[in-house]
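Printed here is entry18.cif (mmCIF, C-alpha atoms):
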data_upload
#
loop_
_atom_site.label_atom_id
_atom_site.label_comp_id
_atom_site.auth_asym_id
_atom_site.auth_seq_id
_atom_site.Cartn_x
_atom_site.Cartn_y
_atom_site.Cartn_z
CA MET A 27 -44.59 28.40 2.84
CA TRP A 28 -43.23 25.24 1.26
CA GLN A 29 -46.43 23.42 2.26
CA ILE A 30 -48.45 25.92 0.20
CA MET A 31 -46.06 25.51 -2.72
CA TRP A 32 -46.26 21.74 -2.36
CA MET A 33 -50.11 21.88 -2.55
CA LEU A 34 -49.96 24.26 -5.51
CA SER A 35 -47.59 21.91 -7.32
CA PHE A 36 -50.49 19.47 -7.75
CA LEU A 37 -52.30 21.95 -10.01
CA PRO A 38 -51.48 21.42 -13.69
CA ASP A 39 -49.27 23.99 -15.43
CA VAL A 40 -52.11 24.90 -17.76
CA PHE A 41 -54.05 26.29 -14.77
CA TRP A 42 -51.39 28.95 -14.26
CA HIS A 43 -51.34 29.77 -17.98
CA ILE A 44 -55.13 30.30 -17.88
CA LEU A 45 -54.87 32.37 -14.68
CA THR A 46 -52.24 34.68 -16.22
CA ILE A 47 -54.08 35.11 -19.51
CA GLY A 48 -57.42 35.51 -17.67
CA GLY A 49 -55.86 38.18 -15.45
CA LEU A 50 -54.57 40.07 -18.49
CA ILE A 51 -57.99 39.85 -20.14
CA ALA A 52 -59.63 41.15 -16.93
CA VAL A 53 -57.24 44.13 -16.79
CA VAL A 54 -57.91 44.97 -20.46
CA ALA A 55 -61.65 44.42 -19.96
CA ALA A 56 -61.58 46.79 -16.99
CA LEU A 57 -60.02 49.48 -19.22
CA ILE A 58 -62.74 48.96 -21.84
CA LEU A 59 -65.53 48.91 -19.22
CA LYS A 60 -64.31 52.28 -18.00
CA ARG A 61 -65.73 53.84 -21.18
CA ILE A 62 -69.13 52.14 -20.95
CA PRO A 63 -71.65 53.91 -18.70
CA PHE A 64 -73.66 52.00 -16.09
CA ILE A 65 -71.28 49.03 -16.17
CA SER A 66 -68.16 51.10 -15.37
CA THR A 67 -68.89 50.82 -11.65
CA TYR A 68 -68.02 47.09 -11.79
CA ARG A 69 -64.62 47.67 -13.34
CA ILE A 70 -62.68 48.27 -10.09
CA PRO A 71 -62.96 44.74 -8.62
CA LEU A 72 -62.32 43.33 -12.09
CA GLN A 73 -59.20 45.50 -12.53
CA TYR A 74 -57.69 44.65 -9.11
CA GLY A 75 -58.64 41.01 -9.42
CA GLY A 76 -56.99 40.95 -12.86
CA ILE A 77 -53.78 42.56 -11.55
CA VAL A 78 -53.53 40.05 -8.67
CA ALA A 79 -54.22 37.16 -11.05
CA VAL A 80 -51.52 38.41 -13.50
CA LEU A 81 -48.97 38.87 -10.72
CA PHE A 82 -49.59 35.52 -9.09
CA GLY A 83 -49.85 33.79 -12.46
CA MET A 84 -46.54 35.29 -13.58
CA TRP A 85 -44.93 34.36 -10.29
CA MET A 86 -46.03 30.77 -10.78
CA GLU A 87 -45.00 30.84 -14.48
CA GLY A 88 -41.53 31.88 -13.37
CA GLY A 89 -41.52 29.12 -10.76
CA ILE A 90 -42.61 26.50 -13.30
CA SER A 91 -39.96 27.59 -15.78
CA ASN A 92 -37.34 27.63 -13.06
CA GLU A 93 -38.49 24.24 -11.81
CA ALA A 94 -38.07 22.76 -15.29
CA LYS A 95 -34.54 24.17 -15.62
CA TRP A 96 -33.74 23.06 -12.09
CA GLN A 97 -34.95 19.51 -12.75
CA ALA A 98 -32.87 19.38 -15.94
CA LYS A 99 -29.83 20.56 -14.03
CA VAL A 100 -30.44 18.02 -11.26
CA LYS A 101 -30.67 15.27 -13.85
CA GLU A 102 -27.47 16.49 -15.53
CA MET A 103 -25.65 16.60 -12.18
CA GLU A 104 -26.92 13.16 -11.20
CA GLU A 105 -25.64 11.78 -14.46
CA LYS A 106 -22.23 13.42 -13.91
CA VAL A 107 -22.07 12.09 -10.35
CA ALA A 108 -23.01 8.59 -11.52
CA ILE A 109 -20.27 8.72 -14.19
CA ALA A 110 -17.77 9.99 -11.62
CA GLU A 111 -18.71 7.21 -9.17
CA ALA A 112 -18.28 4.61 -11.88
CA LYS A 113 -14.87 6.08 -12.81
CA SER A 114 -13.95 6.10 -9.12
CA GLN A 115 -14.83 2.42 -8.83
CA VAL A 116 -12.78 1.57 -11.92
CA GLU A 117 -9.79 3.42 -10.45
CA ASN A 118 -10.25 1.64 -7.11
CA VAL A 119 -10.21 -1.74 -8.84
CA LYS A 120 -7.05 -0.75 -10.77
CA ILE A 121 -5.31 0.42 -7.59
CA VAL A 122 -6.31 -2.68 -5.58
CA THR A 123 -5.14 -4.98 -8.38
CA GLU A 124 -1.83 -3.15 -8.58
CA VAL A 125 -1.32 -3.27 -4.79
CA VAL A 126 -2.14 -6.99 -4.63
CA GLU A 127 0.20 -7.84 -7.51
CA LYS A 128 3.09 -5.72 -6.24
CA THR A 129 2.68 -7.05 -2.67
CA LYS A 130 2.74 -10.59 -4.02
CA VAL A 131 6.00 -9.89 -5.85
CA VAL A 132 7.59 -8.32 -2.74
CA ARG A 133 6.54 -11.27 -0.54
CA GLU A 134 7.81 -13.80 -3.07
CA ARG A 135 11.15 -12.03 -3.33
CA GLY A 136 11.46 -11.92 0.47
CA LYS A 137 10.61 -15.63 0.65
CA THR A 138 13.13 -16.42 -2.10
CA ILE A 139 15.88 -14.61 -0.19
CA THR A 140 14.96 -16.38 3.08
CA ASN A 141 15.03 -19.72 1.27
CA TYR A 142 18.38 -18.79 -0.25
CA ILE A 143 19.71 -18.13 3.27
CA ASP A 144 18.46 -21.54 4.46
CA ARG A 145 19.69 -23.33 1.34
CA GLU A 146 22.96 -21.64 0.42
CA VAL A 147 24.13 -19.13 3.02
CA VAL A 148 24.11 -21.61 5.92
CA LYS A 149 26.36 -23.94 3.92
CA ASN A 150 28.95 -21.31 3.13
CA ASN A 151 32.20 -22.15 4.93
CA GLU A 152 32.94 -18.56 5.78
CA VAL A 153 29.47 -18.21 7.30
CA ILE A 154 29.79 -21.50 9.22
CA LYS A 155 33.09 -20.33 10.68
CA PHE A 156 31.56 -16.98 11.55
CA VAL A 157 28.48 -18.57 13.14
CA GLU A 158 30.66 -20.88 15.23
CA ASN A 159 32.91 -18.16 16.52
CA CYS A 160 30.90 -14.97 16.48
CA PRO A 161 27.35 -14.92 17.75
CA ILE A 162 25.65 -11.56 17.42
CA PRO A 163 26.37 -9.53 20.58
CA SER A 164 23.27 -8.81 22.62
CA ILE A 165 23.75 -5.06 22.25
CA ILE A 166 23.38 -5.42 18.46
CA ILE A 167 20.15 -7.39 18.91
CA LYS A 168 18.92 -4.83 21.39
CA THR A 169 19.71 -2.00 18.96
CA HIS A 170 18.03 -3.84 16.09
CA ASN A 171 14.87 -4.48 18.12
CA ALA A 172 14.73 -0.89 19.31
CA ALA A 173 14.97 0.28 15.70
CA ALA A 174 12.33 -2.24 14.56
CA LEU A 175 9.92 -1.09 17.27
CA ASN A 176 10.96 2.56 16.93
CA GLN A 177 11.68 2.66 20.64
CA ALA A 178 14.14 4.84 22.50
CA ILE A 179 17.39 3.08 23.24
CA GLU A 180 19.52 3.65 26.29
CA LEU A 181 23.10 4.34 25.32
CA THR A 182 24.43 3.33 28.69
CA LYS A 183 26.35 0.11 29.24
CA GLU A 184 24.23 -2.86 30.22
CA PRO A 185 24.77 -3.81 33.86
CA GLU A 186 26.52 -7.07 34.48
CA THR A 187 24.17 -9.82 35.47
CA ALA A 188 26.84 -12.01 37.00
CA PRO A 189 28.28 -11.15 40.40
CA ALA A 190 31.55 -9.22 40.27
CA ALA A 191 33.48 -11.41 42.66
CA THR A 192 34.37 -15.02 42.03
CA GLU A 193 32.01 -17.16 43.95
CA VAL A 194 33.09 -20.74 43.57
CA LYS A 195 31.64 -23.22 45.93
CA PRO A 196 34.35 -24.41 48.32
CA GLN A 197 33.33 -28.01 47.77
CA ALA A 198 33.85 -27.73 43.99
CA GLN A 199 37.13 -25.90 44.43
CA ALA A 200 38.48 -28.59 46.73
CA GLU A 201 37.24 -31.48 44.62
CA VAL A 202 39.53 -31.27 41.60
CA GLN A 203 42.71 -29.35 41.25
CA GLN A 204 44.46 -30.92 38.28
CA PRO A 205 42.96 -30.45 34.79
CA VAL A 206 41.86 -33.59 32.99
CA ALA A 207 41.43 -31.77 29.68
CA THR A 208 41.58 -28.39 28.01
CA ALA A 209 38.71 -26.69 26.23
CA THR A 210 38.06 -23.81 23.88
CA VAL A 211 34.76 -21.97 23.97
CA ILE A 212 33.02 -22.37 20.57
CA THR A 213 30.16 -19.98 21.04
CA TRP A 214 29.04 -17.60 23.77
CA ALA A 215 28.47 -19.63 26.94
CA ASN A 216 27.62 -19.04 30.56
CA ILE A 217 29.62 -20.29 33.51
CA ARG A 218 27.52 -21.18 36.55
CA PRO A 219 28.23 -22.40 40.10
CA THR A 220 26.09 -25.51 39.48
CA LYS A 221 25.01 -27.62 36.51
CA ASN A 222 21.51 -26.16 36.72
CA SER A 223 21.04 -23.91 33.67
CA LYS A 224 18.51 -21.85 35.62
CA ASP A 225 21.10 -20.99 38.23
CA GLU A 226 22.65 -17.51 38.17
CA LYS A 227 25.46 -16.78 35.67
CA MET A 228 28.91 -16.11 37.08
CA GLU A 229 30.43 -14.99 33.82
CA LYS A 230 29.75 -14.93 30.10
CA LEU A 231 32.48 -16.70 28.14
CA SER A 232 33.32 -15.33 24.73
CA PRO A 233 34.17 -17.62 21.77
CA GLY A 234 37.84 -18.62 21.70
CA THR A 235 38.36 -18.50 25.48
CA LYS A 236 40.76 -21.22 26.69
CA LEU A 237 39.79 -23.17 29.79
CA ASP A 238 41.09 -26.01 31.94
CA VAL A 239 38.60 -28.80 32.39
CA LEU A 240 38.83 -30.13 35.93
CA LYS A 241 35.91 -32.54 35.80
CA MET A 242 33.16 -33.71 33.40
CA GLU A 243 29.71 -34.91 34.44
CA ASN A 244 26.46 -35.49 32.48
CA GLY A 245 27.30 -33.21 29.57
CA TYR A 246 28.76 -30.50 31.79
CA ALA A 247 32.38 -29.56 32.39
CA PHE A 248 33.74 -28.07 35.59
CA VAL A 249 36.18 -25.55 34.18
CA ARG A 250 38.76 -23.12 35.41
CA GLY A 251 39.40 -19.85 33.65
CA ASN A 252 39.07 -16.48 35.31
CA LYS A 253 36.53 -18.20 37.46
CA GLN A 254 35.67 -21.78 38.27
CA GLY A 255 32.28 -23.23 37.49
CA TRP A 256 30.14 -25.44 35.27
CA VAL A 257 29.68 -25.01 31.53
CA SER A 258 27.61 -27.11 29.11
CA VAL A 259 29.90 -29.22 26.91
CA GLU A 260 27.89 -28.29 23.80
CA PHE A 261 29.52 -24.85 23.88
CA LEU A 262 33.05 -26.25 24.24
CA ASN A 263 35.64 -27.94 22.12
CA VAL A 264 37.18 -30.30 24.71
CA ILE A 265 40.62 -31.88 24.15
CA LYS A 266 41.42 -34.57 26.69
CA LYS A 267 44.95 -34.77 28.02
CA ALA A 268 46.92 -37.86 27.11
CA MET B 23 -46.98 53.47 -9.58
CA LYS B 24 -43.26 52.92 -10.38
CA LYS B 25 -42.66 51.64 -6.84
CA LEU B 26 -45.55 49.26 -7.24
CA ILE B 27 -44.11 47.90 -10.51
CA ILE B 28 -40.64 47.41 -8.90
CA ILE B 29 -42.18 45.59 -5.93
CA CYS B 30 -44.21 43.41 -8.27
CA LEU B 31 -41.13 42.53 -10.38
CA ALA B 32 -39.11 41.75 -7.26
CA PHE B 33 -41.91 39.49 -6.04
CA VAL B 34 -42.08 37.71 -9.38
CA LEU B 35 -38.31 37.14 -9.42
CA THR B 36 -38.35 35.38 -6.01
CA ALA B 37 -39.72 32.30 -7.76
CA CYS B 38 -36.42 31.88 -9.60
CA SER B 39 -34.14 31.59 -6.58
CA THR B 40 -33.26 27.90 -6.15
CA THR B 41 -30.08 25.83 -5.88
CA VAL B 42 -29.34 22.37 -7.21
CA PRO B 43 -29.26 19.95 -4.23
CA VAL B 44 -27.01 17.34 -5.86
CA VAL B 45 -23.63 16.66 -4.29
CA ALA B 46 -21.02 13.99 -5.00
CA LYS B 47 -20.45 11.61 -2.11
CA PHE B 48 -16.98 11.32 -0.60
CA PRO B 49 -15.39 8.34 -2.37
CA VAL B 50 -14.78 5.19 -0.33
CA ALA B 51 -11.16 4.04 -0.26
CA PRO B 52 -10.41 0.35 -0.92
CA ASP B 53 -10.13 -1.81 2.22
CA ILE B 54 -6.62 -2.94 1.32
CA LEU B 55 -5.39 0.66 1.63
CA LEU B 56 -7.03 1.03 5.04
CA GLU B 57 -5.05 -1.87 6.49
CA LYS B 58 -2.27 -0.81 8.83
CA CYS B 59 1.33 -1.70 8.08
CA PRO B 60 2.38 -4.70 10.20
CA PRO B 61 4.96 -4.20 12.97
CA LEU B 62 8.57 -5.03 12.13
CA LYS B 63 10.01 -8.33 13.32
CA THR B 64 12.25 -8.34 16.37
CA ILE B 65 14.92 -10.89 17.29
CA GLU B 66 14.39 -12.86 20.47
CA GLY B 67 16.64 -15.10 22.55
CA GLU B 68 20.32 -15.38 23.30
CA ASN B 69 23.13 -16.68 21.10
CA VAL B 70 21.55 -15.37 17.91
CA SER B 71 23.51 -16.32 14.82
CA ILE B 72 24.23 -14.04 11.88
CA VAL B 73 21.92 -16.24 9.78
CA ASP B 74 18.90 -15.61 12.01
CA PHE B 75 19.82 -11.95 12.15
CA THR B 76 19.92 -11.76 8.34
CA LYS B 77 16.56 -13.51 8.08
CA ALA B 78 14.96 -11.00 10.45
CA VAL B 79 16.44 -8.11 8.49
CA THR B 80 15.21 -9.64 5.20
CA THR B 81 11.69 -9.99 6.63
CA ASN B 82 11.73 -6.40 7.81
CA TYR B 83 12.89 -5.11 4.42
CA ALA B 84 10.03 -7.01 2.77
CA LEU B 85 7.57 -5.47 5.24
CA TYR B 86 8.96 -2.02 4.45
CA HIS B 87 8.54 -2.57 0.70
CA GLU B 88 4.94 -3.74 1.24
CA CYS B 89 4.27 -0.53 3.11
CA VAL B 90 5.87 1.54 0.33
CA ILE B 91 3.44 -0.02 -2.14
CA LYS B 92 0.47 0.96 0.04
CA ASN B 93 1.80 4.47 0.51
CA GLU B 94 2.26 4.95 -3.24
CA ALA B 95 -1.23 3.51 -3.83
CA TRP B 96 -2.68 6.08 -1.40
CA ALA B 97 -1.02 8.92 -3.31
CA THR B 98 -2.33 7.57 -6.64
CA TRP B 99 -5.82 7.07 -5.19
CA TYR B 100 -5.94 10.64 -3.92
CA GLN B 101 -4.74 12.13 -7.23
CA LYS B 102 -7.24 10.11 -9.29
CA GLN B 103 -10.20 10.82 -7.00
CA LYS B 104 -9.35 14.52 -6.92
CA GLU B 105 -9.22 14.61 -10.71
CA ILE B 106 -12.58 12.80 -10.99
CA PHE B 107 -14.21 15.03 -8.35
CA GLU B 108 -13.00 18.24 -9.99
CA ASN B 109 -14.54 17.19 -13.30
CA ILE B 110 -18.04 17.30 -11.77
CA LYS B 111 -19.03 20.89 -12.51
#
Translate the structure of the given file into structure tokens.
Amino acid sequence: MWQIMWMLSFLPDVFWHILTIGGLIAVVAALILKRIPFISTYRIPLQYGGIVAVLFGMWMEGGISNEAKWQAKVKEMEEKVAIAEAKSQVENVKIVTEVVEKTKVVRERGKTITNYIDREVVKNNEVIKFVENCPIPSIIIKTHNAAALNQAIELTKEPETAPAATEVKPQAQAEVQQPVATATVITWANIRPTKNSKDEKMEKLSPGTKLDVLKMENGYAFVRGNKQGWVSVEFLNVIKKA
Amino acid sequence: MKKLIIICLAFVLTACSTTVPVVAKFPVAPDILLEKCPPLKTIEGENVSIVDFTKAVTTNYALYHECVIKNEAWATWYQKQKEIFENIK
């Protein structure tokens, strides 16, 4: 059907005006011819042809009129859509600008605070004392990281990594019996059966723990507390005996 | 004859039934709003000091505030686009 309409759309509008008017004339002429003898026999095809022409012509007239209104409405809608798209773009630019500016401010403030920590906080005596004596317990770090990653956290106690029983090598135990110095643990440190830092931990020493130093070698102290083993000197405040 | 006239009128009126095939496209959101919020920073290693802890927390607060900005921008974008779309009638 649309193919027929598409072909008909190539005919000028005036054709349909002529067809409608011609059809009306034919219908009227058929009524007049009815009264004239001899010719009245030709009126029937003229009358029916006129009616068909009027109907089809009117149908097309309606279509043309509707088409004109439709095109006007399309144009109006296209204009509205174009205006709306332009407004949308303007709003997008405004929003992006605002986001970029606000983000910049937030980042700068964060950076300023981090710089303040590096510049001022680390020099604060109270903080220095705190840093030396109180490292953040691993459970706090674990909790923080779980919150940061939004992960489930186990509320059970962490299993001890060091063996429960004291396992001091007999050789080390026999070597030195009398302390040569005393030491205080400055920050959390591990006590191990050897000087190798990759060796298994026997115990974790908390800051402030007092120890007897039985021997010192290559930056490591062989200490005696609850257990005997090696600790890096960097975690200890060693006071040699007179 | 009356039936014929009604049929003819109905036929003539069929030429008027059309709809306007113009629709507004769904607006495209700015790329910056489509970016995902970055993951929060975690703290790694043993013997972490309170200073490093504070720095990590500061970084995470900044990341949160960046995300708040994007979230607010999304709400504004939606409101504005809705308003613009509803005006096309």
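Here atom CA of Ala56 of chain A stands at a distance of 4.8 Å from atom CA of Arg69 of chain A.
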Using all atoms listed in the file and a cut-off of 8 Å, which residues of chain A sit close to chain B? Please list them as a PyMOL selection string. chain A and resi 81-82+84-86+88-89+92+96+99-100+103-104+106-107+110-111+113-114+117-118+121-122+125+128-129+132-133+135-136+139-140+143+147-148+156-157+160-164+167+170-171+174-175+213-214
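For the atom pair formed by atom CA of Arg145 of chain A and atom CA of Thr210 of chain A, the distance is 29.1 Å, given to one decimal.
By chain and then residue number, the residues within 9 Å of segment 30-40 of chain A are Leu45, Met86, Glu87 and Ile90 of chain A, counting all atoms listed in the file and disregarding those fewer than 5 positions away in sequence.
Of note, atom CA of Lys266 of chain A and atom CA of Asn150 of chain A are spaced 29.8 Å apart.
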Who sits within 7 Å of Gly76 of chain A, all atoms listed in the file, same chain under 4 positions skipped, as a short mmCIF file (atom, residue, chain, number, x, y, z; two decimals) with C-alpha atoms, in the frame of the given file:
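Once written, part.cif looks like this:
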data_model
loop_
_atom_site.label_atom_id
_atom_site.label_comp_id
_atom_site.auth_asym_id
_atom_site.auth_seq_id
_atom_site.Cartn_x
_atom_site.Cartn_y
_atom_site.Cartn_z
CA GLY A 49 -55.86 38.18 -15.45
CA LEU A 50 -54.57 40.07 -18.49
CA ALA A 52 -59.63 41.15 -16.93
CA VAL A 53 -57.24 44.13 -16.79
CA LEU A 72 -62.32 43.33 -12.09
CA VAL A 80 -51.52 38.41 -13.50
#
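Selecting by distance to (28.5, -31.9, 32.7) with a limit of 12 Å and using all atoms listed in the file, one obtains Ile217, Arg218, Thr220, Lys221, Asn222, Ser223, Val239, Leu240, Lys241, Met242, Glu243, Asn244, Gly245, Tyr246, Ala247, Phe248, Val249, Gly255, Trp256, Val257, Ser258, Val259, Glu260, Phe261, Leu262 and Val264 of chain A.
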What would segment 24-88 of chain B look like if you wrote it out as an mmCIF file, in the first residue's frame, with C-alpha atoms included, from the block I just posted?
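What landed in out_21.cif:
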data_model
loop_
_atom_site.group_PDB
_atom_site.id
_atom_site.type_symbol
_atom_site.label_atom_id
_atom_site.label_comp_id
_atom_site.auth_asym_id
_atom_site.auth_seq_id
_atom_site.Cartn_x
_atom_site.Cartn_y
_atom_site.Cartn_z
ATOM 1 C CA LYS B 24 -26.868 6.343 3.929
ATOM 2 C CA LYS B 25 -24.640 3.300 4.432
ATOM 3 C CA LEU B 26 -22.768 4.187 1.283
ATOM 4 C CA ILE B 27 -22.186 7.753 2.515
ATOM 5 C CA ILE B 28 -20.918 6.484 5.930
ATOM 6 C CA ILE B 29 -18.552 4.032 4.234
ATOM 7 C CA CYS B 30 -17.302 6.776 1.932
ATOM 8 C CA LEU B 31 -16.687 9.172 4.861
ATOM 9 C CA ALA B 32 -14.896 6.462 6.822
ATOM 10 C CA PHE B 33 -12.700 5.753 3.807
ATOM 11 C CA VAL B 34 -11.904 9.432 3.384
ATOM 12 C CA LEU B 35 -10.970 9.789 7.065
ATOM 13 C CA THR B 36 -8.384 6.966 6.875
ATOM 14 C CA ALA B 37 -6.042 9.403 5.131
ATOM 15 C CA CYS B 38 -5.783 11.424 8.342
ATOM 16 C CA SER B 39 -4.458 8.695 10.619
ATOM 17 C CA THR B 40 -0.712 9.285 11.073
ATOM 18 C CA THR B 41 1.673 9.711 14.007
ATOM 19 C CA VAL B 42 4.721 11.929 14.328
ATOM 20 C CA PRO B 43 7.836 9.697 14.171
ATOM 21 C CA VAL B 44 10.138 12.053 16.082
ATOM 22 C CA VAL B 45 11.566 10.872 19.386
ATOM 23 C CA ALA B 46 14.212 12.372 21.663
ATOM 24 C CA LYS B 47 17.327 10.233 21.999
ATOM 25 C CA PHE B 48 18.369 9.008 25.441
ATOM 26 C CA PRO B 49 20.927 11.563 26.655
ATOM 27 C CA VAL B 50 24.555 10.459 26.927
ATOM 28 C CA ALA B 51 26.053 10.850 30.392
ATOM 29 C CA PRO B 52 29.494 12.489 30.707
ATOM 30 C CA ASP B 53 32.430 10.044 30.790
ATOM 31 C CA ILE B 54 33.644 11.360 34.136
ATOM 32 C CA LEU B 55 30.410 10.166 35.770
ATOM 33 C CA LEU B 56 30.785 6.714 34.232
ATOM 34 C CA GLU B 57 34.162 6.160 35.889
ATOM 35 C CA LYS B 58 34.066 3.745 38.804
ATOM 36 C CA CYS B 59 35.103 4.865 42.261
ATOM 37 C CA PRO B 60 38.652 3.657 42.999
ATOM 38 C CA PRO B 61 39.182 0.965 45.655
ATOM 39 C CA LEU B 62 40.139 2.155 49.130
ATOM 40 C CA LYS B 63 43.766 1.936 50.205
ATOM 41 C CA THR B 64 44.827 -0.904 52.474
ATOM 42 C CA ILE B 65 47.796 -1.006 54.844
ATOM 43 C CA GLU B 66 50.476 -3.571 54.141
ATOM 44 C CA GLY B 67 53.413 -4.889 56.153
ATOM 45 C CA GLU B 68 54.277 -5.382 59.785
ATOM 46 C CA ASN B 69 55.230 -2.793 62.399
ATOM 47 C CA VAL B 70 52.955 -0.138 60.929
ATOM 48 C CA SER B 71 53.252 3.175 62.728
ATOM 49 C CA ILE B 72 50.363 5.442 63.665
ATOM 50 C CA VAL B 73 51.670 7.944 61.087
ATOM 51 C CA ASP B 74 51.333 5.500 58.188
ATOM 52 C CA PHE B 75 47.968 4.443 59.519
ATOM 53 C CA THR B 76 46.782 8.073 59.592
ATOM 54 C CA LYS B 77 48.030 8.631 56.051
ATOM 55 C CA ALA B 78 46.090 5.618 54.775
ATOM 56 C CA VAL B 79 42.950 6.808 56.551
ATOM 57 C CA THR B 80 43.409 10.334 55.111
ATOM 58 C CA THR B 81 43.756 8.895 51.595
ATOM 59 C CA ASN B 82 40.632 6.815 52.056
ATOM 60 C CA TYR B 83 38.622 9.794 53.313
ATOM 61 C CA ALA B 84 39.694 11.757 50.233
ATOM 62 C CA LEU B 85 38.619 8.862 47.996
ATOM 63 C CA TYR B 86 35.245 8.779 49.756
ATOM 64 C CA HIS B 87 34.732 12.514 49.223
ATOM 65 C CA GLU B 88 35.613 12.148 45.528
#
